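Peer 1: Here you go, one structure.
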Amino acid sequence: MPFPSGSITILPAGALIQSPPTVDIMINGASLNIQGLLNIRYLWTQSGTLNNSGTMELTSFLNE
């Protein structure tokens, strides 16, 4: 799922958890704010903002 604009916020009591099919996220100009739980396969960031004060469970992380 590419996100070229906008934002995703996971609140402290919230979670974004993958289930079949697996979830991959590409941030390219958008904002990802993690205060709760992010559990996905791949996270790819090119530009934009990534803030994490919660928990990230990833198979792979790429920051270009």
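In the structure tokens, the first chain shown is A, the next is B, and so on; residue numbers restart at 1 for each chain, and ligands run from 1 in the order shown.
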Leaving out A:Ala15 and any residue of its chain fewer than 3 positions from it, which residues lie within 6 Å of it when counting only C-alpha atoms, given as a ChimeraX atom specification?
Peer 2: /A:36-38
Peer 1: Residues within 6 Å of stretch 53-62 of chain A, please, as a list in words. Count only C-alpha atoms; anything in the same chain fewer than 4 positions from it doesn't count.
Peer 2: Ile34, Gln35, Gly36, Leu37, Leu38, Asn39, Ile40, Arg41, Tyr42, Leu43 and Trp44 of chain A
Peer 1: As an mmCIF file with N, CA and C atoms, in the first residue's frame, please: the residues near A:Leu50 (cut-off 9 Å, only C-alpha atoms, same-chain neighbours under 4 positions excluded).
Peer 2:
data_model
loop_
_atom_site.group_PDB
_atom_site.id
_atom_site.type_symbol
_atom_site.label_atom_id
_atom_site.label_comp_id
_atom_site.auth_asym_id
_atom_site.auth_seq_id
_atom_site.Cartn_x
_atom_site.Cartn_y
_atom_site.Cartn_z
ATOM 1 N N ILE A 27 5.756 4.578 2.700
ATOM 2 C CA ILE A 27 5.512 5.983 3.020
ATOM 3 C C ILE A 27 6.391 6.820 2.092
ATOM 4 N N ALA A 30 3.928 10.903 2.967
ATOM 5 C CA ALA A 30 2.863 10.891 3.974
ATOM 6 C C ALA A 30 3.471 10.885 5.376
ATOM 7 N N SER A 31 2.621 10.732 6.367
ATOM 8 C CA SER A 31 3.040 10.716 7.764
ATOM 9 C C SER A 31 2.509 9.458 8.425
ATOM 10 N N LEU A 32 3.373 8.771 9.167
ATOM 11 C CA LEU A 32 2.985 7.592 9.945
ATOM 12 C C LEU A 32 3.340 7.862 11.396
ATOM 13 N N ASN A 33 2.334 7.894 12.253
ATOM 14 C CA ASN A 33 2.504 8.202 13.669
ATOM 15 C C ASN A 33 2.059 6.987 14.476
ATOM 16 N N ILE A 34 3.019 6.300 15.102
ATOM 17 C CA ILE A 34 2.728 5.061 15.819
ATOM 18 C C ILE A 34 2.840 5.317 17.320
ATOM 19 N N THR A 45 10.169 3.505 3.739
ATOM 20 C CA THR A 45 10.000 4.948 3.793
ATOM 21 C C THR A 45 10.966 5.609 2.823
#
Peer 1: Going by DSSP on the backbone, which bits of stretch 4-63 of chain A are strand (DSSP E)? Write them as a PyMOL selection string, please.
Peer 2: chain A and resi 7-10+15-17+24-34+37-39+42-52+55-57+60-63
Peer 1: Atom CA of A:Pro2 and atom CA of A:Asn28 are how many Å apart?
Peer 2: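 Taking atom CA of A:Pro2 as the start and atom CA of A:Asn28 as the end point, the length is 7.2 Å.
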